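Colleague: One file: target-v2.tsv (TSV, C-alpha atoms).
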```
chain	number	residue	atom	x	y	z
A	1	MET	CA	-234.23	-67.59	-5.47
A	2	ASP	CA	-231.71	-70.42	-5.84
A	3	VAL	CA	-229.53	-70.68	-8.96
A	4	LEU	CA	-228.42	-74.22	-9.77
A	5	THR	CA	-225.39	-74.48	-12.08
A	6	PRO	CA	-224.75	-78.02	-13.38
A	7	SER	CA	-221.68	-78.67	-15.52
A	8	SER	CA	-222.99	-81.78	-17.31
A	9	LEU	CA	-226.29	-83.09	-18.66
A	10	GLU	CA	-226.28	-85.90	-16.09
A	11	GLU	CA	-225.94	-83.39	-13.26
A	12	ALA	CA	-228.63	-81.16	-14.79
A	13	LEU	CA	-231.08	-84.06	-14.97
A	14	ALA	CA	-230.35	-85.03	-11.38
A	15	LEU	CA	-230.91	-81.47	-10.17
A	16	LYS	CA	-234.15	-81.20	-12.14
A	17	ALA	CA	-235.36	-84.46	-10.55
A	18	GLU	CA	-234.54	-83.06	-7.09
A	19	ARG	CA	-236.00	-79.62	-7.82
A	20	PRO	CA	-238.78	-80.09	-10.40
A	21	GLU	CA	-239.89	-76.49	-9.87
A	22	ALA	CA	-236.55	-75.16	-11.16
A	23	VAL	CA	-236.94	-73.17	-14.41
A	24	PRO	CA	-234.27	-73.95	-17.06
A	25	ILE	CA	-232.40	-70.92	-18.38
A	26	GLN	CA	-229.61	-70.57	-20.92
A	27	GLY	CA	-229.74	-67.51	-23.15
A	28	GLY	CA	-232.33	-65.94	-20.87
A	29	THR	CA	-233.88	-63.76	-23.58
A	30	ASP	CA	-237.39	-64.91	-22.61
A	31	VAL	CA	-237.00	-65.94	-18.96
A	32	MET	CA	-235.23	-62.73	-17.90
A	33	VAL	CA	-237.97	-60.60	-19.45
A	34	GLU	CA	-240.55	-62.43	-17.32
A	35	LEU	CA	-238.41	-62.01	-14.21
A	36	ASN	CA	-237.73	-58.32	-14.84
A	37	PHE	CA	-241.44	-57.58	-15.30
A	38	ASP	CA	-242.30	-59.73	-12.26
A	39	ARG	CA	-244.50	-62.01	-14.36
A	40	ARG	CA	-242.70	-65.02	-12.93
A	41	ARG	CA	-240.88	-65.63	-9.67
A	42	PRO	CA	-239.65	-69.24	-9.54
A	43	GLU	CA	-238.05	-70.69	-6.43
A	44	ALA	CA	-235.02	-71.81	-8.47
A	45	LEU	CA	-233.34	-71.35	-11.84
A	46	LEU	CA	-231.49	-74.20	-13.55
A	47	ASP	CA	-228.63	-72.52	-15.42
A	48	LEU	CA	-227.69	-74.70	-18.42
A	49	SER	CA	-225.01	-72.43	-19.86
A	50	GLU	CA	-222.17	-74.71	-18.64
A	51	VAL	CA	-223.69	-77.95	-20.00
A	52	ARG	CA	-221.45	-78.84	-22.94
A	53	GLU	CA	-223.75	-81.58	-24.24
A	54	LEU	CA	-226.43	-78.99	-25.13
A	55	ARG	CA	-224.17	-76.75	-27.20
A	56	GLY	CA	-223.69	-76.55	-30.96
A	57	TRP	CA	-224.79	-79.12	-33.52
A	58	SER	CA	-223.62	-82.39	-35.05
A	59	ARG	CA	-224.51	-85.02	-37.66
A	60	GLU	CA	-226.05	-88.31	-36.68
A	61	ASP	CA	-227.04	-91.06	-39.16
A	62	GLY	CA	-227.99	-88.57	-41.88
A	63	ALA	CA	-229.78	-86.23	-39.49
A	64	LEU	CA	-228.67	-82.98	-37.92
A	65	ARG	CA	-228.72	-82.81	-34.13
A	66	LEU	CA	-229.23	-79.24	-32.96
A	67	GLY	CA	-228.35	-78.76	-29.32
A	68	ALA	CA	-230.88	-76.88	-27.21
A	69	GLY	CA	-228.14	-74.33	-26.57
A	70	LEU	CA	-227.55	-73.59	-30.27
A	71	THR	CA	-227.76	-69.83	-30.73
A	72	TYR	CA	-229.42	-67.96	-33.57
A	73	THR	CA	-226.02	-66.63	-34.60
A	74	GLU	CA	-224.68	-70.18	-34.89
A	75	ALA	CA	-227.77	-71.24	-36.88
A	76	MET	CA	-227.06	-68.47	-39.41
A	77	GLN	CA	-223.49	-69.53	-40.09
A	78	ALA	CA	-222.18	-72.01	-42.67
A	79	PRO	CA	-222.22	-74.94	-42.97
A	80	LEU	CA	-225.38	-75.30	-40.82
A	81	GLY	CA	-226.98	-72.28	-42.48
A	82	ASP	CA	-226.45	-73.93	-45.87
A	83	GLU	CA	-228.09	-77.16	-44.66
A	84	LEU	CA	-231.11	-75.41	-43.16
A	85	PRO	CA	-231.46	-72.14	-45.10
A	86	ALA	CA	-234.99	-71.36	-43.89
A	87	LEU	CA	-233.83	-71.62	-40.27
A	88	ALA	CA	-230.88	-69.36	-41.11
A	89	GLU	CA	-233.23	-66.81	-42.70
A	90	ALA	CA	-235.51	-66.91	-39.67
A	91	SER	CA	-232.56	-66.52	-37.30
A	92	ARG	CA	-231.45	-63.36	-39.11
A	93	THR	CA	-234.81	-61.75	-38.33
A	94	VAL	CA	-234.57	-62.35	-34.57
A	95	GLY	CA	-233.99	-59.28	-32.41
A	96	SER	CA	-230.64	-57.53	-32.35
A	97	PRO	CA	-227.14	-59.01	-32.73
A	98	GLN	CA	-226.94	-59.22	-28.93
A	99	ILE	CA	-230.17	-61.23	-28.78
A	100	ARG	CA	-229.03	-63.52	-31.62
A	101	ASN	CA	-225.76	-64.14	-29.77
A	102	ARG	CA	-227.54	-65.11	-26.56
A	103	GLY	CA	-230.93	-66.48	-27.62
A	104	THR	CA	-231.14	-70.22	-28.29
A	105	ILE	CA	-233.19	-72.43	-30.59
A	106	GLY	CA	-234.06	-74.68	-27.64
A	107	GLY	CA	-235.35	-71.70	-25.71
A	108	ASN	CA	-237.60	-70.75	-28.64
A	109	LEU	CA	-239.06	-74.25	-28.59
A	110	GLY	CA	-239.38	-74.25	-24.81
A	111	THR	CA	-241.25	-70.94	-24.81
A	112	ALA	CA	-243.54	-72.38	-27.53
A	113	SER	CA	-244.86	-68.98	-28.58
A	114	PRO	CA	-246.99	-69.09	-31.75
A	115	ALA	CA	-244.75	-66.23	-32.95
A	116	GLY	CA	-241.50	-68.14	-32.39
A	117	ASP	CA	-239.39	-67.52	-35.49
A	118	ALA	CA	-237.45	-70.80	-35.32
A	119	LEU	CA	-240.57	-72.95	-35.18
A	120	PRO	CA	-241.92	-72.84	-38.79
A	121	PRO	CA	-238.53	-73.73	-40.39
A	122	LEU	CA	-238.17	-76.72	-38.05
A	123	VAL	CA	-241.78	-77.87	-38.35
A	124	VAL	CA	-241.63	-77.71	-42.15
A	125	GLU	CA	-238.57	-80.03	-42.04
A	126	ARG	CA	-240.46	-82.45	-39.76
A	127	ALA	CA	-238.01	-82.02	-36.90
A	128	GLU	CA	-238.19	-84.17	-33.79
A	129	VAL	CA	-237.45	-83.08	-30.23
A	130	GLU	CA	-235.40	-85.42	-28.07
A	131	VAL	CA	-236.44	-85.08	-24.45
A	132	VAL	CA	-234.47	-86.56	-21.57
A	133	SER	CA	-235.32	-87.03	-17.90
A	134	ALA	CA	-233.66	-88.89	-15.06
A	135	ALA	CA	-236.78	-90.99	-14.54
A	136	ARG	CA	-237.86	-91.76	-18.11
A	137	GLY	CA	-234.62	-91.67	-20.06
A	138	SER	CA	-234.60	-90.41	-23.65
A	139	ARG	CA	-237.41	-90.30	-26.18
A	140	ARG	CA	-238.26	-88.43	-29.36
A	141	ILE	CA	-241.40	-86.40	-30.06
A	142	PRO	CA	-242.30	-84.84	-33.43
A	143	LEU	CA	-242.03	-81.08	-33.01
A	144	ALA	CA	-245.57	-80.64	-34.33
A	145	ASP	CA	-246.78	-82.79	-31.39
A	146	PHE	CA	-244.39	-81.16	-28.91
A	147	LEU	CA	-246.18	-77.81	-29.38
A	148	VAL	CA	-249.54	-78.22	-27.65
A	149	GLY	CA	-250.78	-74.63	-27.23
A	150	PRO	CA	-249.78	-70.99	-26.88
A	151	LYS	CA	-246.62	-71.02	-24.74
A	152	ARG	CA	-247.28	-74.65	-23.80
A	153	ASN	CA	-245.24	-77.69	-24.75
A	154	SER	CA	-245.36	-81.34	-23.79
A	155	LEU	CA	-241.96	-81.35	-22.07
A	156	ALA	CA	-238.73	-79.37	-21.87
A	157	GLY	CA	-236.63	-80.28	-24.93
A	158	ASP	CA	-232.93	-81.03	-24.91
A	159	ASP	CA	-232.10	-81.47	-28.61
A	160	GLU	CA	-233.77	-81.08	-31.98
A	161	LEU	CA	-233.17	-83.70	-34.67
A	162	VAL	CA	-233.73	-82.66	-38.26
A	163	GLU	CA	-233.22	-84.69	-41.42
A	164	PRO	CA	-232.52	-81.87	-43.89
A	165	SER	CA	-234.45	-82.32	-47.12
A	166	GLY	CA	-231.85	-80.46	-49.17
A	167	GLN	CA	-234.77	-79.08	-51.18
A	168	PRO	CA	-235.49	-75.40	-51.98
A	169	GLN	CA	-236.84	-73.67	-48.91
A	170	THR	CA	-237.36	-70.20	-47.52
A	171	PHE	CA	-238.71	-68.23	-44.57
A	172	MET	CA	-240.62	-64.94	-44.56
A	173	LYS	CA	-242.37	-62.86	-41.96
A	174	VAL	CA	-244.37	-59.65	-41.75
A	175	GLY	CA	-244.16	-57.17	-38.90
A	176	PRO	CA	-244.73	-53.46	-38.31
A	177	ARG	CA	-241.03	-52.86	-39.01
A	178	ASN	CA	-238.11	-54.78	-40.53
A	179	ALA	CA	-236.14	-55.67	-37.39
A	180	MET	CA	-236.51	-56.34	-33.67
A	181	VAL	CA	-240.18	-57.16	-34.01
A	182	ILE	CA	-242.59	-59.96	-33.12
A	183	ALA	CA	-244.10	-61.42	-36.26
A	184	VAL	CA	-247.63	-60.48	-37.22
A	185	CYS	CA	-247.42	-63.58	-39.41
A	186	SER	CA	-244.59	-65.84	-40.58
A	187	LEU	CA	-244.16	-68.70	-43.01
A	188	ALA	CA	-241.56	-71.34	-43.92
A	189	LEU	CA	-241.97	-73.31	-47.14
A	190	VAL	CA	-240.19	-76.29	-48.70
A	191	ALA	CA	-240.68	-77.35	-52.31
A	192	ASP	CA	-239.70	-81.00	-51.89
A	193	ARG	CA	-239.22	-82.31	-55.43
A	194	GLU	CA	-237.86	-85.60	-54.13
A	195	ARG	CA	-241.20	-86.39	-52.46
A	196	GLY	CA	-243.27	-84.38	-54.95
A	197	GLU	CA	-244.63	-82.36	-52.05
A	198	LEU	CA	-245.09	-78.79	-50.87
A	199	ARG	CA	-244.84	-78.15	-47.14
A	200	ALA	CA	-245.61	-74.87	-45.43
A	201	ALA	CA	-245.53	-74.05	-41.72
A	202	TYR	CA	-246.99	-70.80	-40.41
A	203	GLY	CA	-246.48	-68.82	-37.23
A	204	SER	CA	-248.62	-66.21	-35.43
A	205	ALA	CA	-251.70	-67.52	-37.22
A	206	GLY	CA	-252.96	-70.13	-34.75
A	207	PRO	CA	-252.42	-71.42	-31.21
A	208	VAL	CA	-249.43	-73.46	-32.42
A	209	THR	CA	-247.26	-73.52	-35.53
A	210	GLY	CA	-249.33	-75.27	-38.21
A	211	LEU	CA	-248.13	-77.53	-41.03
A	212	VAL	CA	-249.85	-77.73	-44.44
A	213	THR	CA	-248.87	-80.18	-47.20
A	214	ALA	CA	-249.95	-80.64	-50.81
A	215	PRO	CA	-248.66	-82.23	-54.04
A	216	LEU	CA	-246.32	-80.07	-56.09
A	217	ALA	CA	-248.92	-80.09	-58.84
A	218	ASP	CA	-251.27	-78.13	-56.56
A	219	ALA	CA	-248.98	-75.10	-56.29
A	220	ALA	CA	-251.59	-72.76	-57.78
A	221	SER	CA	-254.13	-73.50	-55.04
A	222	PHE	CA	-251.59	-73.86	-52.23
A	223	PRO	CA	-251.74	-70.22	-51.02
A	224	ASP	CA	-255.49	-70.55	-50.42
A	225	ARG	CA	-255.01	-73.92	-48.74
A	226	VAL	CA	-252.46	-72.46	-46.31
A	227	ALA	CA	-254.66	-69.48	-45.49
A	228	GLU	CA	-257.70	-71.70	-44.92
A	229	ALA	CA	-255.77	-74.07	-42.65
A	230	ALA	CA	-254.75	-71.25	-40.28
A	231	SER	CA	-256.83	-70.17	-37.30
A	232	PRO	CA	-255.69	-66.59	-36.61
A	233	ILE	CA	-257.19	-64.18	-34.10
A	234	ASP	CA	-257.60	-60.42	-33.85
A	235	ASP	CA	-255.03	-58.89	-31.50
A	236	VAL	CA	-252.96	-55.73	-31.07
A	237	ARG	CA	-250.63	-56.72	-33.91
A	238	GLY	CA	-253.24	-57.46	-36.59
A	239	THR	CA	-256.65	-58.85	-37.46
A	240	ALA	CA	-257.47	-62.41	-38.38
A	241	ALA	CA	-258.51	-61.31	-41.87
A	242	TYR	CA	-255.21	-59.50	-42.38
A	243	ARG	CA	-253.23	-62.55	-41.25
A	244	ARG	CA	-255.06	-64.79	-43.73
A	245	HIS	CA	-254.32	-62.28	-46.48
A	246	VAL	CA	-250.65	-62.18	-45.45
A	247	LEU	CA	-250.41	-65.97	-45.52
A	248	ARG	CA	-251.70	-66.04	-49.11
A	249	VAL	CA	-249.18	-63.38	-50.14
A	250	LEU	CA	-246.26	-64.97	-48.32
A	251	THR	CA	-247.07	-68.41	-49.72
A	252	ARG	CA	-247.20	-67.06	-53.29
A	253	ARG	CA	-243.88	-65.25	-52.81
A	254	ALA	CA	-242.29	-68.30	-51.18
A	255	LEU	CA	-243.41	-70.51	-54.09
A	256	GLU	CA	-241.86	-68.06	-56.53
A	257	ARG	CA	-238.65	-67.92	-54.53
A	258	CYS	CA	-238.47	-71.74	-54.46
A	259	HIS	CA	-239.43	-71.95	-58.17
A	260	ALA	CA	-242.37	-74.21	-57.34
```
Output the file's structure as structure tokens, nothing else.
Modeller:
Amino acid sequence: MDVLTPSSLEEALALKAERPEAVPIQGGTDVMVELNFDRRRPEALLDLSEVRELRGWSREDGALRLGAGLTYTEAMQAPLGDELPALAEASRTVGSPQIRNRGTIGGNLGTASPAGDALPPLVVERAEVEVVSAARGSRRIPLADFLVGPKRNSLAGDDELVEPSGQPQTFMKVGPRNAMVIAVCSLALVADRERGELRAAYGSAGPVTGLVTAPLADAASFPDRVAEAASPIDDVRGTAAYRRHVLRVLTRRALERCHA
């Protein structure tokens, strides 16, 4: 197996064009699990850990640009955690401190698992993914369109762009224990008083993270609307009926927490 180590985004794009089979890796919290269990054996890895352009976050014309290499630990910290509190809450639930220090938001998007903890907080804020290739240049895709199926996305993302609503928001999830657990069901909710709108995004209750919207005036019926919009399955972590029940409960609690 070859390991390619670019030091700039330009070099990374050139290497990816030369070796399209190369699998990008940065934190490695998903890719290394697949390698260790021999579920995947790529011919090459594209190590992005030295690419400065993918690190951290910045402001751009009123939006927040989250680099694909932004870690969960960084997402939890102020001032970014104050701007995107639901993402900060979700990041605190991810794995152990070691995983939060290594795991990246971009990797969570790239894996595109329905249980990805970072996905509902970003979907509920209508985030866009900026994708870049040597051949096609740069373009933006709404995150809701970027996620096309369980562990399938439309392209490998480089940055996430979020225009923070600044409105009350929260994230909750249910699992068989309180830490280091894959969500049985998760939910992010924004009570957007500026737009007069409720937005909820759920995880682990459909093939992709789903988004549900309603007027603020419909808060009483919103828990049922969220549960009905989901398409959960029975699996080893829970039944479809249980997941729908959990979504109703989480939505009610999130509305109370956001005073909606």
Colleague: Where does stretch 54-96 of chain A meet stretch 175-180 of chain A within 10 Å, residue by residue, with the nearest atom pair and distance in Å to one decimal for each, counting all atoms listed in the file, listed by chain and rising number, as a tab-separated table?
Modeller:
```
residue	atom	partner	partner_atom	distance
A:Arg92	CA	A:Ala179	CA	9.2
A:Thr93	CA	A:Ala179	CA	6.3
A:Val94	CA	A:Met180	CA	6.4
A:Gly95	CA	A:Met180	CA	4.1
A:Ser96	CA	A:Met180	CA	6.1
```
Colleague: Excluding A:Leu15 and its own-chain neighbours fewer than 2 positions away, which residues fall within 10 Å of it when counting all atoms listed in the file? Please give them as a list in words.
Modeller: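 Within the cut-off, the hits are Leu4, Thr5, Pro6, Leu9, Glu10, Glu11, Ala12, Leu13, Ala17, Glu18, Arg19, Pro20, Ala22, Leu46 and Ala134 of chain A.
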Colleague: Give me, as a ChimeraX atom specification, all polymer residues having an atom no more than 9 Å from A:Lys151, counting only C-alpha atoms and skipping those fewer than 5 positions away in the same chain.
Modeller: /A:110-114,207-208
Colleague: Which is closest to A:Ala214 among A:Asp192, A:Asp61, A:Glu197, A:Asp117, if we use only C-alpha atoms?
Modeller: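 Nearest candidate to A:Ala214 out of A:Asp192, A:Asp61, A:Glu197, A:Asp117: A:Glu197.
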Colleague: For the atom pair atom CA of A:Val162 and atom CA of A:Leu87, what is the interatomic distance in Å to one decimal place?
Modeller: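 Answer for the atom CA of A:Val162 to atom CA of A:Leu87 separation: 11.2 Å.
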Colleague: In Å to one decimal, how far is atom CA of A:Glu163 from atom CA of A:Phe146?
Modeller: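 About the pair atom CA of A:Phe146 and atom CA of A:Glu163: they are 17.1 Å apart.
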Colleague: At what distance in Å, to one decimal, does atom CA of A:Ser58 lie from atom CA of A:Met32?
Modeller: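 Between these atoms lies a distance of 28.6 Å.
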Colleague: Give as a PyMOL selection string every residue, naming chains and numbers as the document does, that has an atom within 6 Å of (-246.8, -72.9, -41.3), counting all atoms listed in the file.
Modeller: chain A and resi 120+187+200-203+209-211
Colleague: Can you work out which one of A:Ile182, A:Val236, A:Val51, A:Val124 has the shortest atom-to-atom distance to A:Pro168, counting all atoms listed in the file?
Modeller: A:Val124
